[in-house]
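Everything on this sheet refers to the single structure shown next.
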Amino acid sequence: MYEKIKFVPSGDSGLILEVGNEISKDINKKIRALGYCIEEKKLDEIIEIIPTYTTILIIYDSIKSSYKELVEKLNDIEKSINNIKLPPAEVIHIPTLYGGDYGMDLENVAKHNGLTRDEVIDIHSSPNYLVYMLGFTPGFTYLGGMSEKISTPRLEIPREKIPAGSVGIAGSQTGIYPIDSPGGWQIIGRTPLKLFDPERNPSVLLKAGQYLKFEPVNEEEYHTICKKIIEDKYDIKKTILKGEE
Amino acid sequence: MSSLRVNNPGLLTTIQDDGRIGYEKYGMPTAGAMDILSLQLGNILVGNDRYEAAAEITFIGPEIEFYENLIIAITGADISPTINGKEIEMYSTVYINKGDILRFGTLKKGCRAYLAVSGGFDLPQIMNSKSTYLRGKLGGVEGRKLKKGDILQVNINKGYKYLGVRRIPKNFIPYYGSQYTVRVIMGPEDYRFTGKGIETFLNSEYTLSNQCDRMGYRLNGPKIEHRNGADIISGGITLGAIQVPGHGEPIIMMADRQTTGGYTKIANVISVDIPYLAQLKAGDRVRFQQINIEEAQTLLKEREEKLLKLVYDFEKTTKKVIVKNSINLKIRSNGKKFNVGIQEIE
């Protein structure tokens, strides 16, 4: 993490706040605090705040505020961030049906790592995964915190279509496909939750700075949840992260 | 009630406004008009909000049959538009009668034209926008380009029946050539390139490859040298960002770009030059010229002031008529039947 954040222009309508140059929880925490403080100020010229691994990209209306003016305002905000108490981090629980037709590569992952299928499920569903950022496709989360014990390389030949909700592993990363898309991840399960639904408000389920926890469910529970989601009766389980982030 | 029918869709006709603003933090690309200036000029001509959705027409124009009397305007690329076979003026309000047919011909200049209609298209907003995002299959008409037989509704009630003839002044009409010097602000990762690499970038001519679409433009030309690899930790990507992957040839990120990416960005095209870039096509050539951020922001401010003045002048000089009520009467005279429309105006 840098001593002091760096400001870098990204064209005439974008401003990057660079907080560090590595992927780390501390940097993410600072980004979250900064993003929160900037949002709270409700600056009229700010159009959007996009947090990523090491930066925040701010899209702004330069007619309302020049680059220099905005940097000054953001500098003032940075000075005040140590006094800010962040709201506690949320954990979003993701019901997941592992293996079978829903997770056809669970066996691969187990074999590759010399584990049983149940051990893979156990290891994968234990941690709280931090959502570092969203990007790539609508609703795709970049997660941190997967155990190296289950890391598995991507498939050699990507599949043409992976259904939305599929939970996969690629190297030492895990993630969920928000929409049907081609892909080469090792698919170990599927969640009935809709990470992205353009008709819903908000259309995207998860936010940067939240944590995810995969909760194994059986096939019957999976279908019950599916039904409830269709009927708009499913309440997503959210808890507050206990202990230190 | 239907307003117009797409008899032939053309090559790639999509509905676009100023895009989905405020959803990039969820990974949602903005989409929106490639040439935001032509979109605004079109809407100003028909009395709409400047960022109302219009049809973005690419290379080959559609054939459109109108089912109602409407006011339209065509801006952007010159694709020889005609009404019932007669050439029509671009950058001007055009009064359409029920039954008229709009066709396009030869592509003369640019590559993206905009068809704005008074009142705007009556389409659902998804994430505050009517823009079509093709890869995400959402927005516009069912998330796709227009196809034969599509019927579109126009918000007639929001539109005007008469607002005079508005013409964009000559000095405001953009000129599109096949070569363009694009002004850029260096960075955010220009420090990741060697001095020689920066020199190459700023002193070479690049050609637009066949891989140019709404998402981005891949350019061919001299390779730009990195200091130490082309990969960075994934970060946000702004409109007009110029990425240079490992192969050394630049890619300019356009309206449908993904929100984040992991390639070094050497520079960013300034906002006022994006519309000109949006009118270039495969085989056209660009050069890059560095300017500073203050100049770029002044240019953007000047453009905004000119647009505001244009709106102000039109509002002042052209009389607008909003229809409050209309009655259709059937009259017989000398054994002949007549349909007579009477409109109560404000």
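To be explicit about the labels: the chains of the structure tokens are called A, B, and onward in the order shown, and within each one the residues are counted from 1, while ligands get numbers from 1 in the order they are shown.
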
Please report as JSON lines every residue of chain A lying within 8 Å of chain B, along with the nearest atom pair and their distance in Å (one decimal), using only C-alpha atoms.
```
{"residue": "A:Val8", "atom": "CA", "partner": "B:Pro188", "partner_atom": "CA", "distance": 6.0}
{"residue": "A:Pro9", "atom": "CA", "partner": "B:Pro188", "partner_atom": "CA", "distance": 6.2}
{"residue": "A:Ser10", "atom": "CA", "partner": "B:Pro188", "partner_atom": "CA", "distance": 5.5}
{"residue": "A:Gly11", "atom": "CA", "partner": "B:Asn268", "partner_atom": "CA", "distance": 4.8}
{"residue": "A:Asp12", "atom": "CA", "partner": "B:Ile293", "partner_atom": "CA", "distance": 6.0}
{"residue": "A:Ser13", "atom": "CA", "partner": "B:Ser271", "partner_atom": "CA", "distance": 7.6}
{"residue": "A:Gly14", "atom": "CA", "partner": "B:Thr238", "partner_atom": "CA", "distance": 6.6}
{"residue": "A:Ile16", "atom": "CA", "partner": "B:Pro188", "partner_atom": "CA", "distance": 8.0}
{"residue": "A:Asn21", "atom": "CA", "partner": "B:Ile233", "partner_atom": "CA", "distance": 7.8}
{"residue": "A:Glu22", "atom": "CA", "partner": "B:Ile233", "partner_atom": "CA", "distance": 7.6}
{"residue": "A:Ile23", "atom": "CA", "partner": "B:Ile233", "partner_atom": "CA", "distance": 7.9}
{"residue": "A:Ile47", "atom": "CA", "partner": "B:Gly22", "partner_atom": "CA", "distance": 6.6}
{"residue": "A:Glu48", "atom": "CA", "partner": "B:Gly22", "partner_atom": "CA", "distance": 5.3}
{"residue": "A:Ile49", "atom": "CA", "partner": "B:Lys25", "partner_atom": "CA", "distance": 6.8}
{"residue": "A:Ile50", "atom": "CA", "partner": "B:Lys25", "partner_atom": "CA", "distance": 4.6}
{"residue": "A:Pro51", "atom": "CA", "partner": "B:Lys25", "partner_atom": "CA", "distance": 6.7}
{"residue": "A:Thr52", "atom": "CA", "partner": "B:Gly235", "partner_atom": "CA", "distance": 5.5}
{"residue": "A:Tyr53", "atom": "CA", "partner": "B:Ser234", "partner_atom": "CA", "distance": 6.9}
{"residue": "A:Thr54", "atom": "CA", "partner": "B:Gly235", "partner_atom": "CA", "distance": 7.5}
{"residue": "A:Thr55", "atom": "CA", "partner": "B:Gly235", "partner_atom": "CA", "distance": 6.8}
{"residue": "A:Ile56", "atom": "CA", "partner": "B:Gly236", "partner_atom": "CA", "distance": 7.8}
{"residue": "A:Leu57", "atom": "CA", "partner": "B:Gly236", "partner_atom": "CA", "distance": 5.9}
{"residue": "A:Ser62", "atom": "CA", "partner": "B:Gln297", "partner_atom": "CA", "distance": 6.3}
{"residue": "A:Ile63", "atom": "CA", "partner": "B:Lys301", "partner_atom": "CA", "distance": 5.7}
{"residue": "A:Ser66", "atom": "CA", "partner": "B:Gln297", "partner_atom": "CA", "distance": 7.1}
{"residue": "A:Tyr67", "atom": "CA", "partner": "B:Ile293", "partner_atom": "CA", "distance": 7.5}
{"residue": "A:Met133", "atom": "CA", "partner": "B:Lys25", "partner_atom": "CA", "distance": 7.9}
{"residue": "A:Leu134", "atom": "CA", "partner": "B:Gly27", "partner_atom": "CA", "distance": 5.2}
{"residue": "A:Gly135", "atom": "CA", "partner": "B:Gly27", "partner_atom": "CA", "distance": 3.8}
{"residue": "A:Phe136", "atom": "CA", "partner": "B:Gln258", "partner_atom": "CA", "distance": 5.9}
{"residue": "A:Thr137", "atom": "CA", "partner": "B:Gly27", "partner_atom": "CA", "distance": 5.6}
{"residue": "A:Pro138", "atom": "CA", "partner": "B:Gly27", "partner_atom": "CA", "distance": 4.3}
{"residue": "A:Gly139", "atom": "CA", "partner": "B:Tyr26", "partner_atom": "CA", "distance": 5.5}
{"residue": "A:Phe140", "atom": "CA", "partner": "B:Gly27", "partner_atom": "CA", "distance": 6.6}
{"residue": "A:Pro198", "atom": "CA", "partner": "B:Ile126", "partner_atom": "CA", "distance": 6.6}
{"residue": "A:Glu199", "atom": "CA", "partner": "B:Ile126", "partner_atom": "CA", "distance": 7.1}
{"residue": "A:Ser203", "atom": "CA", "partner": "B:Met127", "partner_atom": "CA", "distance": 7.8}
{"residue": "A:Val204", "atom": "CA", "partner": "B:Tyr26", "partner_atom": "CA", "distance": 6.3}
{"residue": "A:Leu206", "atom": "CA", "partner": "B:Tyr26", "partner_atom": "CA", "distance": 7.9}
{"residue": "A:Lys207", "atom": "CA", "partner": "B:Tyr26", "partner_atom": "CA", "distance": 7.1}
```

Hey, can you spit out that residue selection with C-alpha atoms as a short mmCIF file (atom, residue, chain, number, x, y, z; two decimals), in the first residue's frame?
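After the write, selection15.cif holds the following:
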```
data_model
loop_
_atom_site.label_atom_id
_atom_site.label_comp_id
_atom_site.auth_asym_id
_atom_site.auth_seq_id
_atom_site.Cartn_x
_atom_site.Cartn_y
_atom_site.Cartn_z
CA VAL A 8 -3.76 9.79 -12.34
CA PRO A 9 -5.96 11.10 -15.15
CA SER A 10 -7.65 8.53 -17.38
CA GLY A 11 -8.69 10.76 -20.25
CA ASP A 12 -10.55 14.04 -19.64
CA SER A 13 -13.48 12.47 -17.81
CA GLY A 14 -11.83 9.78 -15.70
CA ILE A 16 -7.84 7.10 -11.06
CA ASN A 21 0.20 -2.03 -6.49
CA GLU A 22 -0.70 -5.50 -5.24
CA ILE A 23 -3.84 -7.49 -4.50
CA ILE A 47 -20.92 10.33 -12.18
CA GLU A 48 -19.63 6.98 -11.02
CA ILE A 49 -17.19 5.35 -8.59
CA ILE A 50 -15.72 2.06 -9.82
CA PRO A 51 -13.57 0.17 -7.30
CA THR A 52 -11.01 -2.34 -8.59
CA TYR A 53 -8.18 -4.36 -6.99
CA THR A 54 -5.77 -1.48 -6.42
CA THR A 55 -7.58 1.61 -7.69
CA ILE A 56 -10.80 3.53 -7.75
CA LEU A 57 -11.81 4.88 -11.14
CA SER A 62 -15.40 17.94 -16.18
CA ILE A 63 -17.73 20.80 -17.06
CA SER A 66 -11.86 20.39 -13.66
CA TYR A 67 -9.30 17.66 -12.97
CA MET A 133 -14.27 -6.06 -7.66
CA LEU A 134 -16.84 -6.65 -10.39
CA GLY A 135 -16.05 -6.59 -14.07
CA PHE A 136 -15.48 -8.68 -17.19
CA THR A 137 -19.21 -9.39 -17.70
CA PRO A 138 -22.19 -7.85 -15.86
CA GLY A 139 -22.21 -9.20 -12.31
CA PHE A 140 -18.95 -11.16 -12.46
CA PRO A 198 -31.51 -6.99 -16.08
CA GLU A 199 -35.21 -6.86 -15.17
CA SER A 203 -29.83 -5.91 -11.51
CA VAL A 204 -26.61 -7.14 -9.92
CA LEU A 206 -23.27 -8.53 -5.26
CA LYS A 207 -21.11 -5.52 -4.52
#
```

Contacts of segment 158-171 of chain B at 10 Å or less, counting only C-alpha atoms, minus same-chain residues fewer than 2 places along, as a short mmCIF file (atom, residue, chain, number, x, y, z; two decimals) with N, CA and C atoms, in the first residue's frame?
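Output file around_6.cif follows:
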```
data_model
loop_
_atom_site.label_atom_id
_atom_site.label_comp_id
_atom_site.auth_asym_id
_atom_site.auth_seq_id
_atom_site.Cartn_x
_atom_site.Cartn_y
_atom_site.Cartn_z
N LEU B 41 -27.11 16.29 -31.93
CA LEU B 41 -27.58 17.20 -32.98
C LEU B 41 -28.92 16.73 -33.54
N GLY B 42 -29.05 15.42 -33.71
CA GLY B 42 -30.31 14.85 -34.20
C GLY B 42 -31.46 15.17 -33.26
N ILE B 44 -31.65 17.53 -31.01
CA ILE B 44 -31.91 18.97 -30.95
C ILE B 44 -32.82 19.38 -32.12
N LEU B 45 -32.55 18.80 -33.29
CA LEU B 45 -33.35 19.15 -34.49
C LEU B 45 -34.82 18.78 -34.34
N VAL B 46 -35.10 17.71 -33.61
CA VAL B 46 -36.50 17.28 -33.49
C VAL B 46 -37.11 17.69 -32.16
N GLY B 47 -36.39 18.50 -31.40
CA GLY B 47 -36.94 19.05 -30.16
C GLY B 47 -36.92 18.10 -28.97
N ASN B 48 -36.13 17.00 -29.08
CA ASN B 48 -36.05 16.04 -27.96
C ASN B 48 -35.02 16.48 -26.92
N ASN B 69 -47.67 10.59 -39.25
CA ASN B 69 -46.96 11.84 -39.54
C ASN B 69 -45.98 12.07 -38.40
N LEU B 70 -44.71 12.24 -38.74
CA LEU B 70 -43.68 12.39 -37.71
C LEU B 70 -42.67 13.45 -38.12
N ILE B 71 -41.90 13.92 -37.15
CA ILE B 71 -40.77 14.79 -37.46
C ILE B 71 -39.50 14.00 -37.18
N ALA B 73 -34.98 13.59 -38.04
CA ALA B 73 -33.75 14.23 -38.51
C ALA B 73 -32.69 13.15 -38.66
N THR B 75 -28.56 12.61 -38.94
CA THR B 75 -27.26 13.24 -38.70
C THR B 75 -26.17 12.18 -38.82
N GLU B 89 -32.53 16.45 -47.04
CA GLU B 89 -31.44 17.19 -46.43
C GLU B 89 -31.08 16.54 -45.08
N MET B 90 -29.78 16.39 -44.84
CA MET B 90 -29.35 15.92 -43.52
C MET B 90 -29.19 17.13 -42.61
N TYR B 91 -29.05 16.89 -41.32
CA TYR B 91 -28.85 17.97 -40.34
C TYR B 91 -29.96 19.02 -40.43
N SER B 92 -31.17 18.53 -40.67
CA SER B 92 -32.32 19.42 -40.78
C SER B 92 -33.55 18.64 -40.34
N THR B 93 -34.55 19.36 -39.81
CA THR B 93 -35.80 18.66 -39.49
C THR B 93 -36.48 18.27 -40.79
N VAL B 94 -37.07 17.08 -40.80
CA VAL B 94 -37.75 16.58 -41.98
C VAL B 94 -39.15 16.16 -41.54
N TYR B 95 -40.18 16.66 -42.28
CA TYR B 95 -41.56 16.30 -41.95
C TYR B 95 -41.98 15.08 -42.75
N VAL B 117 -36.24 10.76 -33.89
CA VAL B 117 -37.66 11.05 -34.14
C VAL B 117 -38.22 11.90 -33.01
N SER B 118 -39.05 12.87 -33.36
CA SER B 118 -39.60 13.76 -32.34
C SER B 118 -40.48 12.96 -31.38
N GLY B 119 -40.17 13.07 -30.09
CA GLY B 119 -40.90 12.29 -29.08
C GLY B 119 -40.10 11.10 -28.60
N GLY B 120 -39.21 10.60 -29.45
CA GLY B 120 -38.36 9.45 -29.08
C GLY B 120 -39.09 8.13 -29.24
N VAL B 154 -43.48 5.37 -31.48
CA VAL B 154 -42.87 6.65 -31.14
C VAL B 154 -43.76 7.30 -30.09
N ASN B 155 -43.16 7.94 -29.11
CA ASN B 155 -43.93 8.66 -28.09
C ASN B 155 -44.49 9.94 -28.70
N ILE B 156 -45.55 9.78 -29.49
CA ILE B 156 -46.12 10.92 -30.22
C ILE B 156 -46.49 12.06 -29.26
N ILE B 173 -21.45 21.41 -38.53
CA ILE B 173 -21.58 20.06 -39.09
C ILE B 173 -20.19 19.44 -39.22
N PRO B 174 -19.97 18.31 -38.56
CA PRO B 174 -18.63 17.72 -38.59
C PRO B 174 -18.25 17.23 -39.99
N TYR B 175 -16.98 17.35 -40.32
CA TYR B 175 -16.48 16.82 -41.58
C TYR B 175 -15.79 15.48 -41.29
N LEU B 310 -27.02 26.48 -29.34
CA LEU B 310 -27.82 25.98 -30.46
C LEU B 310 -29.26 25.71 -30.01
N ASP B 313 -30.98 29.05 -29.30
CA ASP B 313 -31.35 29.77 -30.52
C ASP B 313 -32.57 29.14 -31.20
N PHE B 314 -32.59 27.81 -31.27
CA PHE B 314 -33.75 27.15 -31.89
C PHE B 314 -35.03 27.42 -31.10
N GLU B 315 -34.91 27.35 -29.80
CA GLU B 315 -36.10 27.57 -28.96
C GLU B 315 -36.66 28.96 -29.20
N THR B 317 -36.15 30.93 -32.00
CA THR B 317 -36.52 31.32 -33.36
C THR B 317 -37.55 30.39 -34.02
N THR B 318 -37.71 29.16 -33.50
CA THR B 318 -38.68 28.30 -34.16
C THR B 318 -39.90 28.10 -33.27
N LYS B 319 -41.06 28.19 -33.92
CA LYS B 319 -42.31 28.09 -33.18
C LYS B 319 -42.67 26.62 -33.00
N LYS B 320 -42.97 26.25 -31.76
CA LYS B 320 -43.31 24.87 -31.51
C LYS B 320 -44.81 24.72 -31.35
N VAL B 321 -45.32 23.64 -31.85
CA VAL B 321 -46.74 23.39 -31.71
C VAL B 321 -46.95 22.03 -31.05
N ILE B 322 -47.63 22.05 -29.95
CA ILE B 322 -48.00 20.79 -29.31
C ILE B 322 -49.49 20.59 -29.54
N VAL B 323 -49.85 19.42 -29.98
CA VAL B 323 -51.26 19.15 -30.23
C VAL B 323 -51.92 18.69 -28.94
N GLN B 343 -57.02 19.56 -35.45
CA GLN B 343 -56.16 19.50 -34.27
C GLN B 343 -56.25 20.79 -33.47
N ILE B 345 -54.48 23.17 -31.01
CA ILE B 345 -53.07 23.38 -30.66
C ILE B 345 -52.91 24.39 -29.54
#
```

Rounded to one decimal place, report the atom CA of Lys4 of chain A-atom CA of Gly35 of chain A distance in Å.
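That distance, rounded to one decimal, is 15.5 Å.
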
Using only C-alpha atoms, determine which residues lie at most 8 Å from segment 54-68 of chain B, disregarding the query and same-chain residues fewer than 5 positions distant; provide the list as a ChimeraX atom specification.
/B:2-17,33,39,43,79,96-107,111-117,120-121

Store the residues picked out above in a file with C-alpha atoms, as a CSV table (one decimal), in the first residue's frame.
```
chain,number,residue,atom,x,y,z
B,2,SER,CA,-47.6,1.6,-34.3
B,3,SER,CA,-45.5,4.4,-35.8
B,4,LEU,CA,-43.0,2.8,-38.2
B,5,ARG,CA,-42.0,-0.5,-39.7
B,6,VAL,CA,-38.6,-1.8,-40.5
B,7,ASN,CA,-39.0,-3.2,-44.1
B,8,ASN,CA,-35.3,-3.9,-44.3
B,9,PRO,CA,-32.9,-3.5,-41.3
B,10,GLY,CA,-29.7,-2.5,-43.1
B,11,LEU,CA,-26.3,-3.9,-41.9
B,12,LEU,CA,-26.4,-3.0,-38.2
B,13,THR,CA,-29.1,-0.7,-36.9
B,14,THR,CA,-29.4,-0.5,-33.1
B,15,ILE,CA,-31.2,1.8,-30.7
B,16,GLN,CA,-28.8,4.0,-28.7
B,17,ASP,CA,-28.9,6.8,-26.3
B,33,ALA,CA,-24.2,6.0,-29.2
B,39,LEU,CA,-26.9,11.8,-31.5
B,43,ASN,CA,-32.3,15.2,-31.0
B,79,ILE,CA,-25.5,7.4,-46.4
B,96,ILE,CA,-42.8,12.8,-42.6
B,97,ASN,CA,-46.3,12.0,-43.9
B,98,LYS,CA,-48.0,8.7,-43.2
B,99,GLY,CA,-47.0,6.2,-45.8
B,100,ASP,CA,-43.6,7.8,-46.6
B,101,ILE,CA,-40.7,5.4,-47.0
B,102,LEU,CA,-37.1,6.3,-45.9
B,103,ARG,CA,-34.3,4.6,-47.8
B,104,PHE,CA,-30.5,4.9,-47.8
B,105,GLY,CA,-28.1,4.6,-50.6
B,106,THR,CA,-24.3,4.9,-51.1
B,107,LEU,CA,-22.1,5.5,-48.2
B,111,CYS,CA,-20.0,5.2,-41.3
B,112,ARG,CA,-22.6,5.8,-38.6
B,113,ALA,CA,-25.8,7.8,-39.2
B,114,TYR,CA,-28.4,8.6,-36.6
B,115,LEU,CA,-32.2,8.7,-37.1
B,116,ALA,CA,-33.9,10.8,-34.4
B,117,VAL,CA,-37.7,11.0,-34.1
B,120,GLY,CA,-38.4,9.5,-29.1
B,121,PHE,CA,-38.9,5.7,-29.4
```

So how many Å separate atom CA of Glu148 of chain A and atom CA of Gly183 of chain A, to one decimal?
21.3 Å

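For Thr191 of chain A, the list of residues within 9 Å, based on only C-alpha atoms and with local chain neighbours fewer than 3 positions off taken out, reads A:Ile94, A:Pro95, A:Thr96, A:Leu97, A:Tyr98, A:Tyr102, A:Ala164, A:Gly165, A:Ser166, A:Val167, A:Ile176, A:Lys194, A:Phe214, A:Tyr222.
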
What does the file look like for those residues with C-alpha atoms, as a compact mmCIF listing (two decimals), in the first residue's frame?
```txt
# COMPACT_ATOMS: atom_id res chain seq x y z
CA ILE A 94 -24.77 -18.57 -1.78
CA PRO A 95 -26.69 -21.87 -1.71
CA THR A 96 -24.76 -24.24 -3.98
CA LEU A 97 -25.50 -27.70 -5.31
CA TYR A 98 -22.10 -29.38 -5.76
CA TYR A 102 -24.48 -29.22 -11.93
CA ALA A 164 -25.61 -18.93 -15.41
CA GLY A 165 -25.03 -19.67 -11.72
CA SER A 166 -22.24 -22.18 -12.36
CA VAL A 167 -19.53 -22.14 -9.68
CA ILE A 176 -19.64 -17.70 -10.38
CA LYS A 194 -29.44 -14.95 -10.09
CA PHE A 214 -20.97 -21.01 -0.45
CA TYR A 222 -31.86 -26.54 -4.77
```

What does the distance between atom CA of Asn128 of chain A and atom CA of Arg159 of chain A come to in Å, to one decimal place?
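Atom CA of Arg159 of chain A lies 28.1 Å from atom CA of Asn128 of chain A.
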
Once DSSP has gone over the backbone, tell me which residues of segment 41-108 of chain B are in helix (DSSP H, G or I), as a list of chain:residue names.
B:Leu41, B:Gly42, B:Asn43, B:Ile44, B:Leu45

Could those selected residues go to a file with C-alpha atoms, as a PDB file, in the first residue's frame?
```pdb
ATOM      1  CA  LEU B  41     -27.578  17.197 -32.984  1.00  0.00           C
ATOM      2  CA  GLY B  42     -30.314  14.852 -34.204  1.00  0.00           C
ATOM      3  CA  ASN B  43     -32.295  15.190 -31.007  1.00  0.00           C
ATOM      4  CA  ILE B  44     -31.912  18.971 -30.946  1.00  0.00           C
ATOM      5  CA  LEU B  45     -33.345  19.146 -34.485  1.00  0.00           C
TER       6      LEU B  45
END
```

All residues 7 Å or closer to Arg144 of chain B, only C-alpha atoms, same chain fewer than 2 positions away omitted, as an MDAnalysis selection string:
chainID B and resid 132 134 137 141:142 146

Restricted to N, CA and C atoms, what would the selected residues look like written as a compact mmCIF listing (two decimals), in the first residue's frame?
```txt
# COMPACT_ATOMS: atom_id res chain seq x y z
N THR B 132 -28.95 -0.40 -26.79
CA THR B 132 -28.78 -1.82 -27.07
C THR B 132 -27.36 -2.23 -26.71
N LEU B 134 -25.33 -5.33 -27.40
CA LEU B 134 -25.48 -6.55 -28.19
C LEU B 134 -24.92 -7.78 -27.49
N LYS B 137 -27.09 -8.90 -24.84
CA LYS B 137 -28.45 -9.16 -25.33
C LYS B 137 -29.50 -8.39 -24.53
N VAL B 141 -34.32 -2.93 -28.80
CA VAL B 141 -35.39 -3.86 -29.16
C VAL B 141 -34.89 -5.27 -28.84
N GLU B 142 -35.36 -5.84 -27.77
CA GLU B 142 -35.02 -7.21 -27.35
C GLU B 142 -33.52 -7.47 -27.31
N LEU B 146 -31.92 -4.22 -35.15
CA LEU B 146 -33.26 -4.26 -35.74
C LEU B 146 -33.31 -5.31 -36.85
```

What lies within 12 Å of Lys85 of chain A using only C-alpha atoms, ignoring chain neighbours under 2 positions off, as a list of chain:residue names?
A:Lys29, A:Lys30, A:Arg32, A:Ala33, A:Leu34, A:Tyr36, A:Cys37, A:Ser80, A:Ile81, A:Asn82, A:Asn83, A:Pro87, A:Pro88, A:Ala89

Write out the residues from the selection above, keeping C-alpha atoms, as a short mmCIF file (atom, residue, chain, number, x, y, z; two decimals), in the first residue's frame.
```
data_model
loop_
_atom_site.label_atom_id
_atom_site.label_comp_id
_atom_site.auth_asym_id
_atom_site.auth_seq_id
_atom_site.Cartn_x
_atom_site.Cartn_y
_atom_site.Cartn_z
CA LYS A 29 -10.25 -2.11 2.84
CA LYS A 30 -8.76 1.30 2.13
CA ARG A 32 -13.77 0.51 0.40
CA ALA A 33 -13.30 3.27 3.00
CA LEU A 34 -12.35 5.82 0.36
CA TYR A 36 -17.62 5.08 1.02
CA CYS A 37 -16.39 8.56 2.02
CA SER A 80 -10.65 12.56 6.77
CA ILE A 81 -10.85 8.84 6.09
CA ASN A 82 -9.11 7.67 9.27
CA ASN A 83 -11.94 9.06 11.38
CA PRO A 87 -20.37 -0.11 8.16
CA PRO A 88 -19.52 -3.75 8.97
CA ALA A 89 -18.91 -6.05 6.03
#
```

Strand (DSSP E or B) per DSSP on the backbone: members of segment 29-107 of chain A, as a VMD selection string
chain A and resid 46 to 51 55 to 60 90 to 98
